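Colleague: Before I ask anything, let me first share the structure, which is written out below as structure tokens.
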Amino acid sequence: MLTECAISERLRRAGEVELHPTLFNTPLIYHSQGRQKMAEIYHQYREIAEKAALPILLCAPTWRVDRLRIAEAGFTRSILFDAVSFMRDLQKLWQNPASEIFIGGLIGPKNDCYKPEQALSRDAAYDYHAWQIELLAEAGVDCIVAQTMPAVPEALGLARALARSAIPAIISFVIDRKARVLDTTPLVDAVSRLDDNLAGAPIGYMVNCVYPTFVCAKSQPLELFSRLIGIQANSSSLDHTQLDGSAILHRDDLQHWGDNMLRLNSEFSMKILGGCCGTDDTYLQYLVDHRQVPSS
């Protein structure tokens, strides 16, 4: 299953539309040029999936569009519904039973995703994120994806709120090159801790904003991959301390990126593949062109 590569970063680097300082690309849904530019990027990803007869998960631009930021930016809660409606319109326009489109709702940590010391406690995270989760569920997303989680306590509280919504959910962590969540919890322990402490665990876990080798797949216990179902990988093998705030677009060799991604799929059953910082349609196309197609 495919998912999208970069959206807001591509818009920012193209310089054709202006992103909001806190809500990023979300307010573009209210401007014709912004809607067009976002739709063009989403359509590139959708076309790749359709030609390969693969399903694709496309997410509404709602990452960190929470109650506090919405209020501070002078918008109302309707922005979340409008963002989901924007994606639903694209889904209806592009739907094909041979290549289904699923619409996700994105949420993110309250604070800097690269600074685990700023992460919320479990109880504070439950209170903070429940409002956005409830609205995304009401808006009718197919699933909710909590991206770039840097610390286990905030992920745990957020996951408790997700379980209450009864919407299928995925928790996606940022990890370092030793396969540790940025609060230094080994990824396998983070997954076990959430699974063991939640009455309704997520349908699975992902990692994003990392290079594919950071998973350290060969040294992980095999049971991790019954729960680690996907990755949206950066184009660069630099870690977050090297990439944060960089004005330069760093990219490693596309083949190295793609072959490591496909290895996670073929050898470790990570099903959902997509890109994060620095990636575009050429990265998704590489995955499709070089995947192992089962013989009939």
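Note on naming: chains are A, B, ... as they come in the structure tokens, residues start from 1 per chain, ligands start from 1 in the order shown.
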For segment 88-92 of chain A, find every residue with an atom within 10 Å (counting only C-alpha atoms), except residues of its own chain fewer than 2 positions away, and show them as a list of chain:residue names.
Modeller: A:Ala39, A:Tyr42, A:His43, A:Arg46, A:Leu58, A:Ala60, A:Asp82, A:Ala83, A:Val84, A:Ser85, A:Phe86, A:Trp94, A:Gln95, A:Asn96, A:Glu100, A:Ile101, A:Phe102, A:Ile103, A:Gly140, A:Val141
Colleague: Excluding Ile133 of chain A and residues on its chain fewer than 3 positions from it, collect all residues at most 8 Å away from it, counting only C-alpha atoms, and give them as a list of chain:residue names.
Modeller: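 Here the qualifying residues turn out to be A:Ile107, A:His129, A:Ala130, A:Leu136, A:Ala137, A:Ile144, A:Ala161, A:Leu162, A:Ser165.
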Colleague: For the selection just defined, write its residues with C-alpha atoms to a file, as a PDB file, in the first residue's frame.
Modeller:
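What landed in out.pdb:
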ATOM      1  CA  ILE A 107      -2.348  14.989  13.900  1.00  0.00           C
ATOM      2  CA  HIS A 129      -5.339  16.016  21.528  1.00  0.00           C
ATOM      3  CA  ALA A 130      -8.852  14.703  22.238  1.00  0.00           C
ATOM      4  CA  LEU A 136     -11.548  14.560  12.615  1.00  0.00           C
ATOM      5  CA  ALA A 137     -13.667  11.531  13.481  1.00  0.00           C
ATOM      6  CA  ILE A 144      -6.230   9.014  11.870  1.00  0.00           C
ATOM      7  CA  ALA A 161      -7.817   9.588  23.066  1.00  0.00           C
ATOM      8  CA  LEU A 162      -7.685   7.819  19.698  1.00  0.00           C
ATOM      9  CA  SER A 165     -12.906   7.734  19.071  1.00  0.00           C
TER      10      SER A 165
END
Colleague: Can you tell me, as a ChimeraX atom specification, what residues are no more than 9 Å from Asp123 of chain A when counting only C-alpha atoms, ignoring any on the same chain fewer than 4 positions away?
Modeller: /A:127-128,153-154,156-158
Colleague: Export all heavy atoms of the chosen residues as a short mmCIF file (atom, residue, chain, number, x, y, z; two decimals), in the first residue's frame?
Modeller:
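Output file again.cif follows:
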data_model
loop_
_atom_site.label_atom_id
_atom_site.label_comp_id
_atom_site.auth_asym_id
_atom_site.auth_seq_id
_atom_site.Cartn_x
_atom_site.Cartn_y
_atom_site.Cartn_z
N ASP A 127 -5.73 15.14 27.17
CA ASP A 127 -6.58 16.34 27.21
C ASP A 127 -6.36 17.22 26.00
O ASP A 127 -7.31 17.77 25.43
CB ASP A 127 -6.30 17.14 28.49
CG ASP A 127 -6.72 16.40 29.75
OD1 ASP A 127 -7.61 15.52 29.66
OD2 ASP A 127 -6.16 16.70 30.82
N TYR A 128 -5.11 17.37 25.59
CA TYR A 128 -4.78 18.30 24.51
C TYR A 128 -5.26 17.81 23.15
O TYR A 128 -5.79 18.59 22.34
CB TYR A 128 -3.28 18.55 24.46
CG TYR A 128 -2.88 19.66 23.52
CD1 TYR A 128 -2.90 20.99 23.94
CD2 TYR A 128 -2.48 19.40 22.21
CE1 TYR A 128 -2.54 22.02 23.09
CE2 TYR A 128 -2.12 20.43 21.35
CZ TYR A 128 -2.16 21.74 21.80
OH TYR A 128 -1.81 22.76 20.95
N PRO A 153 5.46 9.09 26.27
CA PRO A 153 4.33 9.54 27.09
C PRO A 153 3.27 10.30 26.30
O PRO A 153 2.06 10.06 26.47
CB PRO A 153 5.01 10.43 28.14
CG PRO A 153 6.39 9.87 28.27
CD PRO A 153 6.76 9.48 26.88
N GLU A 154 3.68 11.23 25.44
CA GLU A 154 2.68 11.95 24.64
C GLU A 154 1.96 11.00 23.69
O GLU A 154 0.74 11.10 23.49
CB GLU A 154 3.30 13.10 23.87
CG GLU A 154 2.26 13.92 23.11
CD GLU A 154 2.75 15.26 22.59
OE1 GLU A 154 3.95 15.59 22.80
OE2 GLU A 154 1.93 16.00 21.98
N LEU A 156 1.36 7.90 24.19
CA LEU A 156 0.46 7.08 24.99
C LEU A 156 -0.84 7.82 25.29
O LEU A 156 -1.94 7.27 25.14
CB LEU A 156 1.15 6.66 26.28
CG LEU A 156 0.40 5.71 27.21
CD1 LEU A 156 -0.01 4.44 26.49
CD2 LEU A 156 1.27 5.37 28.41
N GLY A 157 -0.73 9.08 25.73
CA GLY A 157 -1.93 9.85 26.01
C GLY A 157 -2.76 10.11 24.76
O GLY A 157 -4.00 10.02 24.78
N LEU A 158 -2.08 10.40 23.66
CA LEU A 158 -2.77 10.62 22.40
C LEU A 158 -3.48 9.35 21.95
O LEU A 158 -4.62 9.38 21.48
CB LEU A 158 -1.75 11.08 21.36
CG LEU A 158 -2.24 11.56 20.00
CD1 LEU A 158 -1.25 12.54 19.41
CD2 LEU A 158 -2.41 10.39 19.04
#
Colleague: Identify all residues of segment 66-169 of chain A in alpha helix (DSSP H) (DSSP on the backbone) and supply them as a PDB file with C-alpha atoms, in the first residue's frame.
Modeller:
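Contents of part02.pdb, as written:
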ATOM      1  CA  ARG A  67      -7.551  23.871  18.995  1.00  0.00           C
ATOM      2  CA  LEU A  68      -4.810  26.181  20.287  1.00  0.00           C
ATOM      3  CA  ARG A  69      -3.230  26.875  16.891  1.00  0.00           C
ATOM      4  CA  ILE A  70      -6.590  27.300  15.173  1.00  0.00           C
ATOM      5  CA  ALA A  71      -7.641  29.917  17.723  1.00  0.00           C
ATOM      6  CA  GLU A  72      -4.308  31.742  17.633  1.00  0.00           C
ATOM      7  CA  SER A  78     -14.590  24.384  10.604  1.00  0.00           C
ATOM      8  CA  ILE A  79     -11.105  24.449   9.073  1.00  0.00           C
ATOM      9  CA  LEU A  80     -10.711  20.787  10.025  1.00  0.00           C
ATOM     10  CA  PHE A  81     -13.998  19.853   8.363  1.00  0.00           C
ATOM     11  CA  ASP A  82     -13.094  21.890   5.293  1.00  0.00           C
ATOM     12  CA  ALA A  83      -9.690  20.212   5.013  1.00  0.00           C
ATOM     13  CA  VAL A  84     -11.280  16.761   5.123  1.00  0.00           C
ATOM     14  CA  SER A  85     -13.961  17.868   2.645  1.00  0.00           C
ATOM     15  CA  PHE A  86     -11.206  19.037   0.268  1.00  0.00           C
ATOM     16  CA  MET A  87      -9.695  15.551   0.344  1.00  0.00           C
ATOM     17  CA  ARG A  88     -13.063  13.819   0.043  1.00  0.00           C
ATOM     18  CA  ASP A  89     -13.753  15.812  -3.125  1.00  0.00           C
ATOM     19  CA  LEU A  90     -10.468  14.593  -4.581  1.00  0.00           C
ATOM     20  CA  GLN A  91     -11.264  11.047  -3.502  1.00  0.00           C
ATOM     21  CA  LYS A  92     -14.625  11.132  -5.297  1.00  0.00           C
ATOM     22  CA  LEU A  93     -13.020  12.584  -8.414  1.00  0.00           C
ATOM     23  CA  TRP A  94     -10.200  10.027  -8.543  1.00  0.00           C
ATOM     24  CA  ARG A 122       0.408  11.145  29.109  1.00  0.00           C
ATOM     25  CA  ASP A 123      -2.494  12.887  30.862  1.00  0.00           C
ATOM     26  CA  ALA A 124      -1.787  16.287  29.312  1.00  0.00           C
ATOM     27  CA  ALA A 125      -1.593  14.683  25.865  1.00  0.00           C
ATOM     28  CA  TYR A 126      -4.972  13.016  26.332  1.00  0.00           C
ATOM     29  CA  ASP A 127      -6.583  16.336  27.214  1.00  0.00           C
ATOM     30  CA  TYR A 128      -4.784  18.305  24.511  1.00  0.00           C
ATOM     31  CA  HIS A 129      -5.339  16.016  21.528  1.00  0.00           C
ATOM     32  CA  ALA A 130      -8.852  14.703  22.238  1.00  0.00           C
ATOM     33  CA  TRP A 131     -10.546  17.781  20.750  1.00  0.00           C
ATOM     34  CA  GLN A 132      -8.887  17.484  17.334  1.00  0.00           C
ATOM     35  CA  ILE A 133      -9.345  13.711  17.267  1.00  0.00           C
ATOM     36  CA  GLU A 134     -13.075  14.051  17.944  1.00  0.00           C
ATOM     37  CA  LEU A 135     -13.503  16.599  15.159  1.00  0.00           C
ATOM     38  CA  LEU A 136     -11.548  14.560  12.615  1.00  0.00           C
ATOM     39  CA  ALA A 137     -13.667  11.531  13.481  1.00  0.00           C
ATOM     40  CA  GLU A 138     -16.807  13.640  13.081  1.00  0.00           C
ATOM     41  CA  ALA A 139     -15.504  14.931   9.740  1.00  0.00           C
ATOM     42  CA  VAL A 152       6.346   7.757  24.343  1.00  0.00           C
ATOM     43  CA  PRO A 153       4.328   9.541  27.094  1.00  0.00           C
ATOM     44  CA  GLU A 154       2.676  11.949  24.640  1.00  0.00           C
ATOM     45  CA  ALA A 155       2.058   9.093  22.204  1.00  0.00           C
ATOM     46  CA  LEU A 156       0.456   7.078  24.989  1.00  0.00           C
ATOM     47  CA  GLY A 157      -1.933   9.845  26.007  1.00  0.00           C
ATOM     48  CA  LEU A 158      -2.769  10.615  22.399  1.00  0.00           C
ATOM     49  CA  ALA A 159      -3.409   6.939  21.700  1.00  0.00           C
ATOM     50  CA  ARG A 160      -5.822   6.773  24.645  1.00  0.00           C
ATOM     51  CA  ALA A 161      -7.817   9.588  23.066  1.00  0.00           C
ATOM     52  CA  LEU A 162      -7.685   7.819  19.698  1.00  0.00           C
ATOM     53  CA  ALA A 163      -9.028   4.622  21.244  1.00  0.00           C
ATOM     54  CA  ARG A 164     -12.018   6.533  22.579  1.00  0.00           C
ATOM     55  CA  SER A 165     -12.906   7.734  19.071  1.00  0.00           C
TER      56      SER A 165
END
Colleague: Which of these residues is nearest to Ser172 of chain A, using only C-alpha atoms: A:Pro150, A:Gly15, A:Gly275, A:Pro221?
Modeller: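 Ranked by minimum distance to Ser172 of chain A, first place goes to A:Pro150.
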Colleague: Output as a Markdown table one row per residue of segment 28-125 of chain A within 10 Å of segment 224-248 of chain A: the closest atom pair and its distance in Å to one decimal place, counting only C-alpha atoms, sorted by chain and residue number ascending.
Modeller:
| residue | atom | partner | partner_atom | distance |
| --- | --- | --- | --- | --- |
| A:Cys113 | CA | A:His240 | CA | 9.6 |
| A:Tyr114 | CA | A:His240 | CA | 6.7 |
| A:Lys115 | CA | A:His240 | CA | 9.7 |
Colleague: Would you output that residue set with C-alpha atoms, as a PDB file, in the first residue's frame?
Modeller:
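For reference, part-v3.pdb as written:
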ATOM      1  CA  CYS A 113       8.682  17.003  16.893  1.00  0.00           C
ATOM      2  CA  TYR A 114      12.487  16.987  17.144  1.00  0.00           C
ATOM      3  CA  LYS A 115      12.589  17.969  20.826  1.00  0.00           C
TER       4      LYS A 115
END
Colleague: Work out how far apart atom CA of Leu23 of chain A and atom CA of Glu47 of chain A are and give it in Å to one decimal.
Modeller: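 Between atom CA of Leu23 of chain A and atom CA of Glu47 of chain A the gap is 27.1 Å.
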